[in-house]
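Data file: coords-v1.pdb. Format and content: PDB, C-alpha atoms.
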ATOM      1  CA  MET A   1     -10.106 -30.393 -61.137
ATOM      2  CA  ILE A   2     -11.261 -26.896 -61.989
ATOM      3  CA  ASP A   3      -8.550 -24.411 -62.965
ATOM      4  CA  LEU A   4      -9.314 -21.201 -61.089
ATOM      5  CA  ILE A   5      -7.520 -17.925 -61.566
ATOM      6  CA  ARG A   6      -7.888 -14.763 -59.502
ATOM      7  CA  ILE A   7      -8.782 -11.625 -61.428
ATOM      8  CA  PRO A   8      -9.927  -8.081 -60.597
ATOM      9  CA  ILE A   9     -13.725  -7.869 -60.504
ATOM     10  CA  PHE A  10     -16.107  -5.015 -61.307
ATOM     11  CA  PRO A  11     -19.678  -6.046 -60.309
ATOM     12  CA  LEU A  12     -22.229  -4.456 -62.650
ATOM     13  CA  ALA A  13     -25.749  -5.186 -63.883
ATOM     14  CA  ILE A  14     -24.532  -5.840 -67.449
ATOM     15  CA  PHE A  15     -23.459  -9.014 -69.219
ATOM     16  CA  PRO A  16     -21.391  -8.364 -72.357
ATOM     17  CA  LEU A  17     -20.674 -11.297 -74.668
ATOM     18  CA  PRO A  18     -17.313 -12.020 -76.335
ATOM     19  CA  GLY A  19     -16.608  -9.479 -79.062
ATOM     20  CA  GLU A  20     -19.027  -6.915 -77.611
ATOM     21  CA  MET A  21     -17.814  -3.414 -76.766
ATOM     22  CA  VAL A  22     -19.369  -1.594 -73.818
ATOM     23  CA  PRO A  23     -19.107   2.021 -72.601
ATOM     24  CA  LEU A  24     -18.529   2.521 -68.857
ATOM     25  CA  HIS A  25     -18.446   5.608 -66.663
ATOM     26  CA  ILE A  26     -15.816   5.182 -63.936
ATOM     27  CA  PHE A  27     -16.228   7.350 -60.854
ATOM     28  CA  GLU A  28     -15.685   5.376 -57.615
ATOM     29  CA  PRO A  29     -12.105   5.592 -56.260
ATOM     30  CA  ARG A  30     -11.651   1.798 -56.251
ATOM     31  CA  TYR A  31     -12.635   1.487 -59.913
ATOM     32  CA  ARG A  32     -10.553   4.515 -60.834
ATOM     33  CA  GLN A  33      -7.664   2.519 -59.347
ATOM     34  CA  LEU A  34      -8.708  -0.478 -61.471
ATOM     35  CA  LEU A  35      -8.753   1.716 -64.593
ATOM     36  CA  ASP A  36      -5.283   3.005 -63.715
ATOM     37  CA  ASP A  37      -4.013  -0.580 -63.433
ATOM     38  CA  ALA A  38      -5.732  -1.572 -66.684
ATOM     39  CA  GLU A  39      -4.012   1.315 -68.472
ATOM     40  CA  LYS A  40      -0.539   1.036 -66.947
ATOM     41  CA  ARG A  41      -0.270  -2.755 -66.688
ATOM     42  CA  ASP A  42      -2.531  -3.769 -69.594
ATOM     43  CA  ILE A  43      -4.536  -6.145 -67.398
ATOM     44  CA  SER A  44      -7.937  -7.592 -68.150
ATOM     45  CA  PHE A  45     -10.660  -7.648 -65.504
ATOM     46  CA  GLY A  46     -13.986  -9.299 -64.917
ATOM     47  CA  ILE A  47     -17.405  -7.724 -65.049
ATOM     48  CA  PHE A  48     -19.471  -9.933 -62.763
ATOM     49  CA  PHE A  49     -23.120  -9.863 -63.830
ATOM     50  CA  ASN A  50     -24.600  -8.647 -60.547
ATOM     51  CA  HIS A  51     -28.192  -9.885 -60.873
ATOM     52  CA  VAL A  52     -30.441 -12.063 -58.713
ATOM     53  CA  ASN A  53     -31.111 -14.434 -61.650
ATOM     54  CA  ASN A  54     -27.408 -15.079 -62.221
ATOM     55  CA  THR A  55     -27.436 -18.436 -60.449
ATOM     56  CA  HIS A  56     -24.450 -19.728 -62.454
ATOM     57  CA  LYS A  57     -22.362 -16.722 -61.304
ATOM     58  CA  LEU A  58     -21.513 -15.743 -64.865
ATOM     59  CA  GLY A  59     -19.349 -12.825 -65.832
ATOM     60  CA  SER A  60     -17.405 -11.296 -68.705
ATOM     61  CA  LEU A  61     -13.639 -10.933 -68.976
ATOM     62  CA  VAL A  62     -12.911  -7.538 -70.554
ATOM     63  CA  LYS A  63      -9.945  -5.470 -71.717
ATOM     64  CA  LEU A  64      -9.725  -1.711 -71.895
ATOM     65  CA  GLU A  65     -10.116  -0.538 -75.493
ATOM     66  CA  SER A  66      -9.912   3.210 -74.987
ATOM     67  CA  VAL A  67     -10.452   6.103 -72.625
ATOM     68  CA  ILE A  68     -12.986   8.398 -74.284
ATOM     69  CA  LYS A  69     -12.980  11.277 -71.809
ATOM     70  CA  ARG A  70     -11.325  12.218 -68.538
ATOM     71  CA  PHE A  71     -13.076  14.610 -66.161
ATOM     72  CA  SER A  72     -11.415  17.073 -63.797
ATOM     73  CA  GLY A  73     -12.781  15.226 -60.739
ATOM     74  CA  GLY A  74     -11.000  11.993 -61.703
ATOM     75  CA  GLU A  75     -13.959  10.319 -63.433
ATOM     76  CA  SER A  76     -13.583   8.743 -66.877
ATOM     77  CA  ASP A  77     -15.681   7.456 -69.741
ATOM     78  CA  ILE A  78     -14.142   4.306 -71.214
ATOM     79  CA  ILE A  79     -14.826   1.528 -73.704
ATOM     80  CA  VAL A  80     -14.083  -2.092 -72.810
ATOM     81  CA  LYS A  81     -14.252  -5.165 -75.048
ATOM     82  CA  CYS A  82     -15.354  -8.584 -73.832
ATOM     83  CA  ILE A  83     -12.743 -11.250 -74.631
ATOM     84  CA  ASP A  84     -14.078 -14.245 -72.694
ATOM     85  CA  LEU A  85     -16.687 -15.438 -70.211
ATOM     86  CA  PHE A  86     -16.244 -16.925 -66.751
ATOM     87  CA  GLU A  87     -18.023 -18.537 -63.834
ATOM     88  CA  MET A  88     -17.076 -17.137 -60.444
ATOM     89  CA  GLU A  89     -16.294 -19.465 -57.582
ATOM     90  CA  THR A  90     -15.519 -16.866 -54.887
ATOM     91  CA  LEU A  91     -15.784 -13.075 -54.671
ATOM     92  CA  HIS A  92     -13.177 -11.336 -52.475
ATOM     93  CA  ARG A  93     -13.660  -7.892 -50.961
ATOM     94  CA  THR A  94     -10.278  -6.804 -52.327
ATOM     95  CA  TYR A  95      -7.870  -7.982 -55.020
ATOM     96  CA  LYS A  96      -4.378  -8.382 -53.559
ATOM     97  CA  ASP A  97      -3.462  -4.994 -52.015
ATOM     98  CA  LYS A  98      -5.940  -3.017 -54.145
ATOM     99  CA  LEU A  99      -9.150  -1.169 -53.284
ATOM    100  CA  TYR A 100     -11.218  -3.023 -55.873
ATOM    101  CA  PRO A 101     -12.669  -6.550 -55.496
ATOM    102  CA  GLY A 102     -11.219  -9.751 -56.899
ATOM    103  CA  GLY A 103     -12.639 -13.126 -57.718
ATOM    104  CA  ASP A 104     -11.590 -16.718 -58.259
ATOM    105  CA  VAL A 105     -12.992 -17.641 -61.658
ATOM    106  CA  GLU A 106     -13.000 -20.419 -64.219
ATOM    107  CA  LEU A 107     -12.623 -19.042 -67.747
ATOM    108  CA  HIS A 108     -14.728 -20.463 -70.576
ATOM    109  CA  ASN A 109     -11.893 -19.954 -73.122
ATOM    110  CA  ILE A 110     -14.239 -18.824 -75.910
ATOM    111  CA  ASP A 111     -12.859 -19.190 -79.439
ATOM    112  CA  LEU A 112     -14.211 -16.403 -81.659
ATOM    113  CA  ASN A 113     -12.589 -18.099 -84.674
ATOM    114  CA  GLN A 114     -14.934 -21.093 -84.414
ATOM    115  CA  PRO A 115     -17.283 -20.751 -87.428
ATOM    116  CA  VAL A 116     -21.013 -21.390 -87.289
ATOM    117  CA  GLY A 117     -22.717 -23.997 -89.467
ATOM    118  CA  ASP A 118     -23.982 -23.304 -92.984
ATOM    119  CA  LYS A 119     -27.661 -23.057 -92.006
ATOM    120  CA  LEU A 120     -27.037 -20.459 -89.304
ATOM    121  CA  GLN A 121     -24.613 -18.552 -91.568
ATOM    122  CA  GLN A 122     -27.225 -18.390 -94.356
ATOM    123  CA  GLU A 123     -29.926 -17.084 -91.997
ATOM    124  CA  PHE A 124     -27.486 -14.504 -90.622
ATOM    125  CA  ASN A 125     -26.470 -13.359 -94.128
ATOM    126  CA  LEU A 126     -30.149 -12.937 -95.066
ATOM    127  CA  TYR A 127     -30.791 -10.904 -91.918
ATOM    128  CA  LEU A 128     -27.808  -8.611 -92.592
ATOM    129  CA  LYS A 129     -28.876  -8.162 -96.217
ATOM    130  CA  LEU A 130     -32.360  -7.069 -95.115
ATOM    131  CA  LEU A 131     -30.778  -4.494 -92.811
ATOM    132  CA  LEU A 132     -28.467  -3.340 -95.625
ATOM    133  CA  ILE A 133     -25.427  -4.267 -93.542
ATOM    134  CA  THR A 134     -22.325  -5.407 -95.380
ATOM    135  CA  HIS A 135     -20.989  -8.607 -93.864
ATOM    136  CA  ALA A 136     -17.374  -8.258 -92.782
ATOM    137  CA  GLU A 137     -14.879 -10.731 -94.198
ATOM    138  CA  GLY A 138     -13.636 -13.501 -91.955
ATOM    139  CA  VAL A 139     -15.165 -16.049 -89.642
ATOM    140  CA  THR A 140     -18.618 -15.503 -88.181
ATOM    141  CA  SER A 141     -18.785 -16.926 -84.677
ATOM    142  CA  ILE A 142     -21.900 -17.735 -82.726
ATOM    143  CA  PHE A 143     -21.104 -14.717 -80.520
ATOM    144  CA  ASN A 144     -20.860 -12.359 -83.534
ATOM    145  CA  ILE A 145     -24.447 -13.296 -84.360
ATOM    146  CA  ALA A 146     -25.629 -12.966 -80.751
ATOM    147  CA  ASN A 147     -24.085  -9.490 -80.532
ATOM    148  CA  GLU A 148     -25.715  -8.399 -83.799
ATOM    149  CA  LEU A 149     -29.125  -9.370 -82.397
ATOM    150  CA  SER A 150     -28.733  -7.040 -79.377
ATOM    151  CA  LEU A 151     -30.002  -9.577 -76.859
ATOM    152  CA  ASP A 152     -31.035  -8.334 -73.435
ATOM    153  CA  ASN A 153     -29.177  -9.582 -70.344
ATOM    154  CA  GLU A 154     -31.737 -12.307 -69.608
ATOM    155  CA  ASP A 155     -31.513 -13.701 -73.146
ATOM    156  CA  LYS A 156     -27.718 -13.535 -73.023
ATOM    157  CA  MET A 157     -27.772 -15.646 -69.860
ATOM    158  CA  LYS A 158     -30.125 -18.204 -71.456
ATOM    159  CA  PHE A 159     -27.892 -18.289 -74.516
ATOM    160  CA  VAL A 160     -24.663 -18.836 -72.551
ATOM    161  CA  GLU A 161     -26.169 -21.375 -70.140
ATOM    162  CA  SER A 162     -27.453 -23.599 -72.969
ATOM    163  CA  GLY A 163     -25.286 -26.179 -74.735
ATOM    164  CA  SER A 164     -23.684 -25.759 -78.140
ATOM    165  CA  GLU A 165     -26.577 -27.155 -80.220
ATOM    166  CA  LYS A 166     -29.195 -25.306 -78.179
ATOM    167  CA  ARG A 167     -27.266 -22.063 -78.715
ATOM    168  CA  LYS A 168     -27.513 -22.540 -82.476
ATOM    169  CA  LEU A 169     -31.246 -23.275 -82.274
ATOM    170  CA  PHE A 170     -31.730 -20.239 -80.018
ATOM    171  CA  LEU A 171     -29.991 -17.983 -82.547
ATOM    172  CA  LEU A 172     -31.838 -19.511 -85.519
ATOM    173  CA  SER A 173     -35.126 -18.796 -83.786
ATOM    174  CA  ARG A 174     -34.102 -15.201 -82.968
ATOM    175  CA  LEU A 175     -32.785 -14.562 -86.485
ATOM    176  CA  ARG A 176     -36.030 -15.811 -88.039
ATOM    177  CA  TYR A 177     -38.104 -13.693 -85.669
ATOM    178  CA  GLN A 178     -36.022 -10.550 -86.310
ATOM    179  CA  THR A 179     -36.120 -11.207 -90.066
ATOM    180  CA  HIS A 180     -39.905 -11.501 -89.868
ATOM    181  CA  LEU A 181     -40.100  -8.147 -88.037
ATOM    182  CA  VAL A 182     -37.914  -6.427 -90.629
ATOM    183  CA  LEU A 183     -40.022  -7.832 -93.486
ATOM    184  CA  GLN A 184     -43.244  -6.706 -91.773
ATOM    185  CA  ALA A 185     -41.803  -3.219 -91.282
ATOM    186  CA  GLU A 186     -40.946  -3.082 -95.002
ATOM    187  CA  LYS A 187     -44.487  -4.132 -95.939
ATOM    188  CA  SER A 188     -46.022  -1.494 -93.688
ATOM    189  CA  LYS A 189     -44.210   1.243 -95.613
ATOM    190  CA  ASP A 190     -46.544   0.544 -98.544
ATOM    191  CA  VAL A 191     -49.658   0.776 -96.326
ATOM    192  CA  PHE A 192     -49.008   4.119 -94.656
ATOM    193  CA  HIS A 193     -48.963   7.309 -96.674
ATOM    194  CA  LEU A 194     -47.493  10.586 -95.543
ATOM    195  CA  ASN A 195     -49.763  13.628 -95.815
TER     196      ASN A 195
END
Just give me the structure as structure tokens.
Amino acid sequence: MIDLIRIPIFPLAIFPLPGEMVPLHIFEPRYRQLLDDAEKRDISFGIFFNHVNNTHKLGSLVKLESVIKRFSGGESDIIVKCIDLFEMETLHRTYKDKLYPGGDVELHNIDLNQPVGDKLQQEFNLYLKLLLITHAEGVTSIFNIANELSLDNEDKMKFVESGSEKRKLFLLSRLRYQTHLVLQAEKSKDVFHLN
């Protein structure tokens, strides 16, 4: 039996992964109401990835991190952080008595404290070192690596839809490719001379 919960839904053409922070501009009255509820009641809400290729009906559960700017017309610029992923069973025109939509979803219950294997960690450390990025202390999850690689929405979907081992292979392949690009860029600095 699938455990479904009903959550507020904000359909958008973006697909943030757990741990990723995303800026949003809120202007429609129904989503201004959602922002008000997120601020006053500290609720999370779903960003449903509104794309024709989203056959698994994937979405991202997010929480409001901060309101960056409020405009005189009621619009706002905000930052949200993805805390989990979901698959949507049913989209409802409204959520309870609100203006904004709702959806019945099954959460993935992502654990960002689940460490990656040694091989993937080593490749990731090498990549960060090449970029002169200091690795933060603590556990590196598979989603930390995916977020660092700045995958596009299509690649994020492929990544999430694949199983655990395939996810690791996907990231290893991407890390090696990105590392190769960085090394090639470094080599090209010696070839070109400024005049």
Next item on the list: One decimal, Å: what's the distance from CA of Thr90 (chain A) over to CA of Pro8 (chain A), could you say?
Entry: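 Interatomic distance here is 11.9 Å.
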On this structure, the PyMOL selection byres ((chain A and resi 171) around 12) would catch which residues? List them as a PDB file with C-alpha atoms, keeping the file's coordinate frame, sorted by chain and number.
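The result, written out as part_7.pdb:
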ATOM      1  CA  VAL A 116     -21.013 -21.390 -87.289  1.00  0.00           C
ATOM      2  CA  GLY A 117     -22.717 -23.997 -89.467  1.00  0.00           C
ATOM      3  CA  LYS A 119     -27.661 -23.057 -92.006  1.00  0.00           C
ATOM      4  CA  LEU A 120     -27.037 -20.459 -89.304  1.00  0.00           C
ATOM      5  CA  GLN A 121     -24.613 -18.552 -91.568  1.00  0.00           C
ATOM      6  CA  GLU A 123     -29.926 -17.084 -91.997  1.00  0.00           C
ATOM      7  CA  PHE A 124     -27.486 -14.504 -90.622  1.00  0.00           C
ATOM      8  CA  TYR A 127     -30.791 -10.904 -91.918  1.00  0.00           C
ATOM      9  CA  SER A 141     -18.785 -16.926 -84.677  1.00  0.00           C
ATOM     10  CA  ILE A 142     -21.900 -17.735 -82.726  1.00  0.00           C
ATOM     11  CA  PHE A 143     -21.104 -14.717 -80.520  1.00  0.00           C
ATOM     12  CA  ASN A 144     -20.860 -12.359 -83.534  1.00  0.00           C
ATOM     13  CA  ILE A 145     -24.447 -13.296 -84.360  1.00  0.00           C
ATOM     14  CA  ALA A 146     -25.629 -12.966 -80.751  1.00  0.00           C
ATOM     15  CA  ASN A 147     -24.085  -9.490 -80.532  1.00  0.00           C
ATOM     16  CA  GLU A 148     -25.715  -8.399 -83.799  1.00  0.00           C
ATOM     17  CA  LEU A 149     -29.125  -9.370 -82.397  1.00  0.00           C
ATOM     18  CA  SER A 150     -28.733  -7.040 -79.377  1.00  0.00           C
ATOM     19  CA  LEU A 151     -30.002  -9.577 -76.859  1.00  0.00           C
ATOM     20  CA  ASP A 155     -31.513 -13.701 -73.146  1.00  0.00           C
ATOM     21  CA  LYS A 156     -27.718 -13.535 -73.023  1.00  0.00           C
ATOM     22  CA  LYS A 158     -30.125 -18.204 -71.456  1.00  0.00           C
ATOM     23  CA  PHE A 159     -27.892 -18.289 -74.516  1.00  0.00           C
ATOM     24  CA  VAL A 160     -24.663 -18.836 -72.551  1.00  0.00           C
ATOM     25  CA  SER A 162     -27.453 -23.599 -72.969  1.00  0.00           C
ATOM     26  CA  SER A 164     -23.684 -25.759 -78.140  1.00  0.00           C
ATOM     27  CA  GLU A 165     -26.577 -27.155 -80.220  1.00  0.00           C
ATOM     28  CA  LYS A 166     -29.195 -25.306 -78.179  1.00  0.00           C
ATOM     29  CA  ARG A 167     -27.266 -22.063 -78.715  1.00  0.00           C
ATOM     30  CA  LYS A 168     -27.513 -22.540 -82.476  1.00  0.00           C
ATOM     31  CA  LEU A 169     -31.246 -23.275 -82.274  1.00  0.00           C
ATOM     32  CA  PHE A 170     -31.730 -20.239 -80.018  1.00  0.00           C
ATOM     33  CA  LEU A 172     -31.838 -19.511 -85.519  1.00  0.00           C
ATOM     34  CA  SER A 173     -35.126 -18.796 -83.786  1.00  0.00           C
ATOM     35  CA  ARG A 174     -34.102 -15.201 -82.968  1.00  0.00           C
ATOM     36  CA  LEU A 175     -32.785 -14.562 -86.485  1.00  0.00           C
ATOM     37  CA  ARG A 176     -36.030 -15.811 -88.039  1.00  0.00           C
ATOM     38  CA  TYR A 177     -38.104 -13.693 -85.669  1.00  0.00           C
ATOM     39  CA  GLN A 178     -36.022 -10.550 -86.310  1.00  0.00           C
ATOM     40  CA  THR A 179     -36.120 -11.207 -90.066  1.00  0.00           C
TER      41      THR A 179
END
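Candidate residues A:Asp97, A:Asp118, A:Asp104, A:Asp111 were compared for distance to Leu4 (chain A), and the nearest is A:Asp104, using all atoms listed in the file.
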Checklist line | Residue list as a list in words for point (-19.4, 10.0, -65.1), cut-off 7 Å, all atoms listed in the file | finding: His25, Ile26, Phe27, Glu75, Ser76 and Asp77 of chain A
Check: Just how far from CA of Met88 (chain A) is CA of Phe49 (chain A), in Å to one decimal?
Finding: 10.0 Å
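In this model, the gap between CA of Asp37 (chain A) and CA of Gly103 (chain A) comes to 16.3 Å.
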Check: Once the PyMOL selection byres ((chain A and resi 14-17) around 8) has been applied to the shown file, what residues remain in the selection, as a ChimeraX atom specification?
Finding: /A:12-13,18-22,47-50,59-60,82-85,143,147,153,156-157
Next item on the list: Identify the residues within 12 Å of coordinate (-6.1, -6.2, -54.6) (same frame as the file), considering only C-alpha atoms, and give the answer as a list in words.
Entry: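 Within 12 Å of (-6.1, -6.2, -54.6), the protein and nucleic acid residues are Arg6, Ile7, Pro8, Ile9, Arg30, Tyr31, Gln33, Leu34, Asp37, Phe45, Leu91, His92, Arg93, Thr94, Tyr95, Lys96, Asp97, Lys98, Leu99, Tyr100, Pro101, Gly102 and Gly103 of chain A.
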Output requested as an mmCIF file, keeping the file's coordinate frame - region 2-17 of chain A, filled out with N, CA and C atoms.
data_model
loop_
_atom_site.group_PDB
_atom_site.id
_atom_site.type_symbol
_atom_site.label_atom_id
_atom_site.label_comp_id
_atom_site.auth_asym_id
_atom_site.auth_seq_id
_atom_site.Cartn_x
_atom_site.Cartn_y
_atom_site.Cartn_z
ATOM 1 N N ILE A 2 -10.974 -28.171 -61.335
ATOM 2 C CA ILE A 2 -11.261 -26.896 -61.989
ATOM 3 C C ILE A 2 -10.046 -25.979 -61.857
ATOM 4 N N ASP A 3 -9.649 -25.367 -62.981
ATOM 5 C CA ASP A 3 -8.550 -24.411 -62.965
ATOM 6 C C ASP A 3 -9.101 -23.024 -62.680
ATOM 7 N N LEU A 4 -8.851 -22.526 -61.481
ATOM 8 C CA LEU A 4 -9.314 -21.201 -61.089
ATOM 9 C C LEU A 4 -8.164 -20.213 -61.171
ATOM 10 N N ILE A 5 -8.489 -19.016 -61.616
ATOM 11 C CA ILE A 5 -7.520 -17.925 -61.566
ATOM 12 C C ILE A 5 -8.177 -16.765 -60.827
ATOM 13 N N ARG A 6 -7.367 -15.931 -60.212
ATOM 14 C CA ARG A 6 -7.888 -14.763 -59.502
ATOM 15 C C ARG A 6 -7.700 -13.538 -60.380
ATOM 16 N N ILE A 7 -8.807 -12.811 -60.574
ATOM 17 C CA ILE A 7 -8.782 -11.625 -61.428
ATOM 18 C C ILE A 7 -9.470 -10.470 -60.707
ATOM 19 N N PRO A 8 -9.164 -9.222 -61.113
ATOM 20 C CA PRO A 8 -9.927 -8.081 -60.597
ATOM 21 C C PRO A 8 -11.379 -8.192 -61.057
ATOM 22 N N ILE A 9 -12.293 -7.769 -60.202
ATOM 23 C CA ILE A 9 -13.725 -7.869 -60.504
ATOM 24 C C ILE A 9 -14.400 -6.507 -60.356
ATOM 25 N N PHE A 10 -15.285 -6.219 -61.310
ATOM 26 C CA PHE A 10 -16.107 -5.015 -61.307
ATOM 27 C C PHE A 10 -17.567 -5.491 -61.393
ATOM 28 N N PRO A 11 -18.280 -5.595 -60.263
ATOM 29 C CA PRO A 11 -19.678 -6.046 -60.309
ATOM 30 C C PRO A 11 -20.579 -4.977 -60.931
ATOM 31 N N LEU A 12 -21.310 -5.360 -61.962
ATOM 32 C CA LEU A 12 -22.229 -4.456 -62.650
ATOM 33 C C LEU A 12 -23.459 -5.243 -63.101
ATOM 34 N N ALA A 13 -24.524 -4.552 -63.408
ATOM 35 C CA ALA A 13 -25.749 -5.186 -63.883
ATOM 36 C C ALA A 13 -25.771 -5.277 -65.406
ATOM 37 N N ILE A 14 -24.626 -5.640 -66.002
ATOM 38 C CA ILE A 14 -24.532 -5.840 -67.449
ATOM 39 C C ILE A 14 -23.810 -7.156 -67.703
ATOM 40 N N PHE A 15 -24.057 -7.731 -68.876
ATOM 41 C CA PHE A 15 -23.459 -9.014 -69.219
ATOM 42 C C PHE A 15 -23.019 -9.008 -70.687
ATOM 43 N N PRO A 16 -21.868 -8.371 -70.972
ATOM 44 C CA PRO A 16 -21.391 -8.364 -72.357
ATOM 45 C C PRO A 16 -20.934 -9.754 -72.799
ATOM 46 N N LEU A 17 -21.120 -10.041 -74.080
ATOM 47 C CA LEU A 17 -20.674 -11.297 -74.668
ATOM 48 C C LEU A 17 -19.352 -11.087 -75.402
#
